[in-house]
Amino acid sequence: MTDPVLTLAADHGLTRAAPAPGDSPLAIRGMTVSYGEKPAVFSVDATFPPHAMTAIIGPNGAGKSTMLKAALGVIPRLSGEVTVFGRPIGKARDRIAYVPQRASVDWDFPATVIDVVLMGLYRRVGLLKRLTGAHLAAARDCLDRVGMADFTDRQIGQLSGGQQQRVFLARALAQEADLYLLDEPFAGVDAATERAIIDVLKALKAEGRAVVCVHHDLATVARYFDHVFLINVRRIAEGPVATAFTAANLHATYGGRLATAHLDQLDLGLGGAS
Amino acid sequence: MSSLLDALLLGAGYNAALVGIGAGLLGFAAGAAGTFLFLRKRALVSDAVAHATLPGVGLAFIAMVALGGDGRNLVGLLAGSALSAWAGLLLVEWITRRTRLSEDAAIGAVLSVFFGAGVVLLTVIQTMSAGRQAGLEGFLLGSTAGMLFQDAVVIAVGGTLAVLATWVLRRPMTLVAFDADYAAACGYDVRRIDLAMMALVMAVTVIGLKLVGLILIVAMLIIPPVTARFWTERSGRVIWIAGALGGTAGYVGAAISASAPAMPTGPIIVLGAAALFLLSLFLAPARGVAAALLRRRRFQRRVHRRQGLLALARSERVHDPLTLKVLRAEGLIRPDGVATDAGRAQAARVARDERRWDVAREIHQDAGLTGRYDGLTPIEQVFTPDEIAAFDRVIGGPSPVGGPV
């Protein structure tokens with residue numbers, strides 16, 4: 001891959017990475033999402049890069065998760081187009097794996113760990129075919145990759161939060177997708193889980209897949225991710241960490257909510273730092 | 001008693017045998033089809049659907065009489081009830097999606113309005129010359145007196161189809177019930193799957209109308225899966241266990257009602273299902289009330305043991321009767337309350353664990369880990385040996401009491 005072309009967004013002087021939308025694992029054009037009559041995400045364009053890990057960052061209520069869910073069609077869009085590897089998203093579902101927020105489901109559901117991972121294979125198995133030993137082996141392999149092989153038959157409600165998050169990731173791995181979309185995968189998990197998850201995500205990137213995470217911890221952005229997408233209802237900036245994860249962009253995104261003292265501790269990019 | 005045995009062995013006459021087999025099949029179908037309704041947390045929608053069948057029954061009767069036919073034709077009545085139930089279901093769905101009303105308000109409104117309209121229609125039919133002996137009020141609470149072979153066939157065929165459809169759709173329905181967002185992201189049409197699930201429920205409701213009645217059919221859809229949930233942690237098994245429980249309740253309930261005069265079949269079946277529920281509620285091995293009580297008692301003893309050992313480590317006297325009992329039972333203190341050798345060793349160990357946790361909270365950055373302190377979890381289950389060794393270097397020297405164990 002060639003380096004993304006850098007262009008200047010005229011009004012803010014912000015940087016923007018723009019690979020050709022046809023290459024992009026996930027490209028969004030003019031997307032607006034609204035609960036009632038207040039847009040949560042307004043006219044957002046985004047072009048996520050291939051073979052990279054991207055963080056979507058922004059303050060609480062900035063529309064990070066909403067943007068992801070609306071792009072996937074989990075919640076309805078008011079306007080906008082979404083393409084996945086250059087095709088309309090409806091035709092590329094088998095290339096996407098989504099990891100929702102852990103708190104979005106009822107963990108008392110009657111399912112064991114392996115049952116949840118097998119859900120990742122449902123699309124491929126179809127309605128009538130039986131789940132075979134090969135499917136089970138594939139699911140166990142995914143559990144092994146997230147370090148949960150010892151919990152195969154545990155009811156999911158008896159897992160810790162971090163373990164539940166890993167099971168969700170294993171379910172996404174079972175899909176063998178090319179684009180992984182994760183909603184706050186590090187929220188409320190222990191350090192061991194965070195390490196396990198980041199290792200898996202980096203391995204996915206090394207295999208040439210694209211990873212996009214809604215992320216809330218600014219302190220780890222520079223260490224974990226190659227690209228950032230800053231959003232606060234509108235798109236603020238997007239690009240490689242080195243050029244887009246800057247003090248100026250963070251101020252534009254978070255406003256006064258980010259203390260200068262806090263900024264000093266971040267491993268900020270230099271392009272456009274004030 | 002022997003008349004009950006006769007009924008159970010299908011020896012209580014042709015009609016009783018038909019009712020027994022029909023109720024058993026209906027119970028199985030309702031339990032299986034109701035499983036995903038329960039797992040999707042939409043049990044009450046089935047109540048609205050059931051009540052919404054009544055105006056359809058009335059309208060179908062009037063239409064068939066107006067066309068010069070026999071208003072009591074069962075297939076015609078069921079078709080009418082299915083149409084109005086579907087209308088009620090779509091209305092609940094539409095209100096929930098398009099207005100600010102929540103689903104429970106929509107259910108309440110649709111249920112009562114449709115039921116009210118149905119009662120008005122039945123009253124009108126009573127005044128028609130053809131309506132006197134129609135027996136349509138049997139649809140309210142069910143009636144078995146005039147059960148025909150045709151009725152049993154309707155239940156057998158409809159019930160089998162409903163179970164088959166539940167089995168075919170089990171994967172998408174499981175996915176939607178557990179994690180609808182993920183299902184949508186995978187490209188499943190969540191709304192259509194929900195409608196398919198409700199169509200199944202509606203089919204079972206319609207074929208069960210004559211036998212159990214529209215007021216009680218909801219019990220046959222919901223109680224068996226709720227009961228089955230006590231016995232398994234896997235949704236695929238809930239379907240079959242719920243079917244078996246529902247089938248048993250249906251068959252045995254019908255036999256009981258056939259064995260004694262003036263026993264209403266539908267209500268007896270529901271009471272039978274409720275009895276199975278109560279039994280499971282108390283006795284189920286993992287999720288039952290008795291098991292929960294036992295776990296709580298065991299947990300309480302662990303807490304008392306820990307607190308008692310910490311008191312010993314601080315050389316305090318233990319006064320709490322339960323703590324004394326627990327420590328004595330393990331031989332950690334003598335009858336007079338003084339610590340034994342084993343007790344002192346355990347106390348030292350527990351005290352060191354507490355001290356390590358204190359240090360961990362001071363020097364370890366990860367609140368997610370230190371937050372797992374609950375007074376009972378040994379530190380070895382949370383931190384690695386290397387990390388614990390680091391804590392010990394901070395503590396320095398042997399632990400405050402008793403030395404290493």
# chains A, B, ... in the order shown; residues from 1 in each chain; ligands from 1
$ residues_around --residues "range 120-133 of chain A" --least-positions-apart "4" --cutoff "12 Å" --atoms "only C-alpha atoms" --output "count of residues only"
49
$ interface_residues --of "chain A" --to "chain B" --cutoff "7 Å" --atoms "only C-alpha atoms" --output "JSON, numbers by chain"
{"A": [72, 73, 74, 93, 98, 100, 105, 106, 109, 110, 111, 112, 119, 122, 127, 128, 155, 189, 190, 191]}
$ atom_distance --atom1 "CA of Ala228 in chain B" --atom2 "CA of Val49 in chain B"
23.1 Å
$ residues_around --residues "Asn15 in chain B" --least-positions-apart "4" --cutoff "10 Å" --atoms "only C-alpha atoms" --output "list in words"
Leu10, Val19, Gly20, Thr144, Ala145, Gly146, Met147, Leu148, Phe149 and Ala258 of chain B
$ residues_around --residues "Val57 in chain B" --least-positions-apart "4" --cutoff "6 Å" --atoms "only C-alpha atoms" --output "list of chain:residue names"
B:Leu77, B:Gly80, B:Ser81
$ atom_distance --atom1 "CA of Ala55 in chain A" --atom2 "CA of Leu230 in chain A"
8.3 Å
$ closest_residue --among "B:Ala329, B:Ile395, B:Leu309, B:Ala292" --to "Ala360 in chain B" --atoms "only C-alpha atoms"
B:Ile395
$ select_by_dssp --residues "range 160-273 of chain A" --states "alpha helix (DSSP H)" --output "number ranges by chain"
A: 161-174, 191-206, 221-224, 241-244, 247-254, 260-264
$ atom_distance --atom1 "CA of Pro25 in chain A" --atom2 "CA of Ile56 in chain A"
14.9 Å
$ residues_around --residues "range 202-211 of chain B" --least-positions-apart "3" --cutoff "8 Å" --atoms "only C-alpha atoms" --output "ChimeraX atom specification"
/B:23,26,29-30,33,46,49-50,53,78,81-82,85-86,138-140,142-144,154-155,158-159,162,198-199,214,217-218,265-266
$ closest_residue --among "A:Val146, A:Met67, A:Ala134, A:Ala46" --to "Val200 in chain A" --atoms "only C-alpha atoms"
A:Val146
$ decode --residues "range 188-201 of chain B" --atoms "C-alpha atoms" --output "PDB file, in the first residue's frame"
ATOM      1  CA  TYR B 188     -30.002 -10.617   9.483  1.00  0.00           C
ATOM      2  CA  ASP B 189     -33.298  -8.763   9.131  1.00  0.00           C
ATOM      3  CA  VAL B 190     -34.165  -8.517  12.832  1.00  0.00           C
ATOM      4  CA  ARG B 191     -37.694  -7.245  12.226  1.00  0.00           C
ATOM      5  CA  ARG B 192     -38.541 -10.122   9.918  1.00  0.00           C
ATOM      6  CA  ILE B 193     -37.149 -12.678  12.337  1.00  0.00           C
ATOM      7  CA  ASP B 194     -39.212 -11.133  15.125  1.00  0.00           C
ATOM      8  CA  LEU B 195     -42.310 -11.297  12.940  1.00  0.00           C
ATOM      9  CA  ALA B 196     -41.595 -14.922  12.072  1.00  0.00           C
ATOM     10  CA  MET B 197     -41.282 -15.700  15.776  1.00  0.00           C
ATOM     11  CA  MET B 198     -44.605 -14.000  16.456  1.00  0.00           C
ATOM     12  CA  ALA B 199     -46.214 -15.798  13.521  1.00  0.00           C
ATOM     13  CA  LEU B 200     -45.212 -19.087  15.126  1.00  0.00           C
ATOM     14  CA  VAL B 201     -46.695 -17.994  18.416  1.00  0.00           C
TER      15      VAL B 201
END
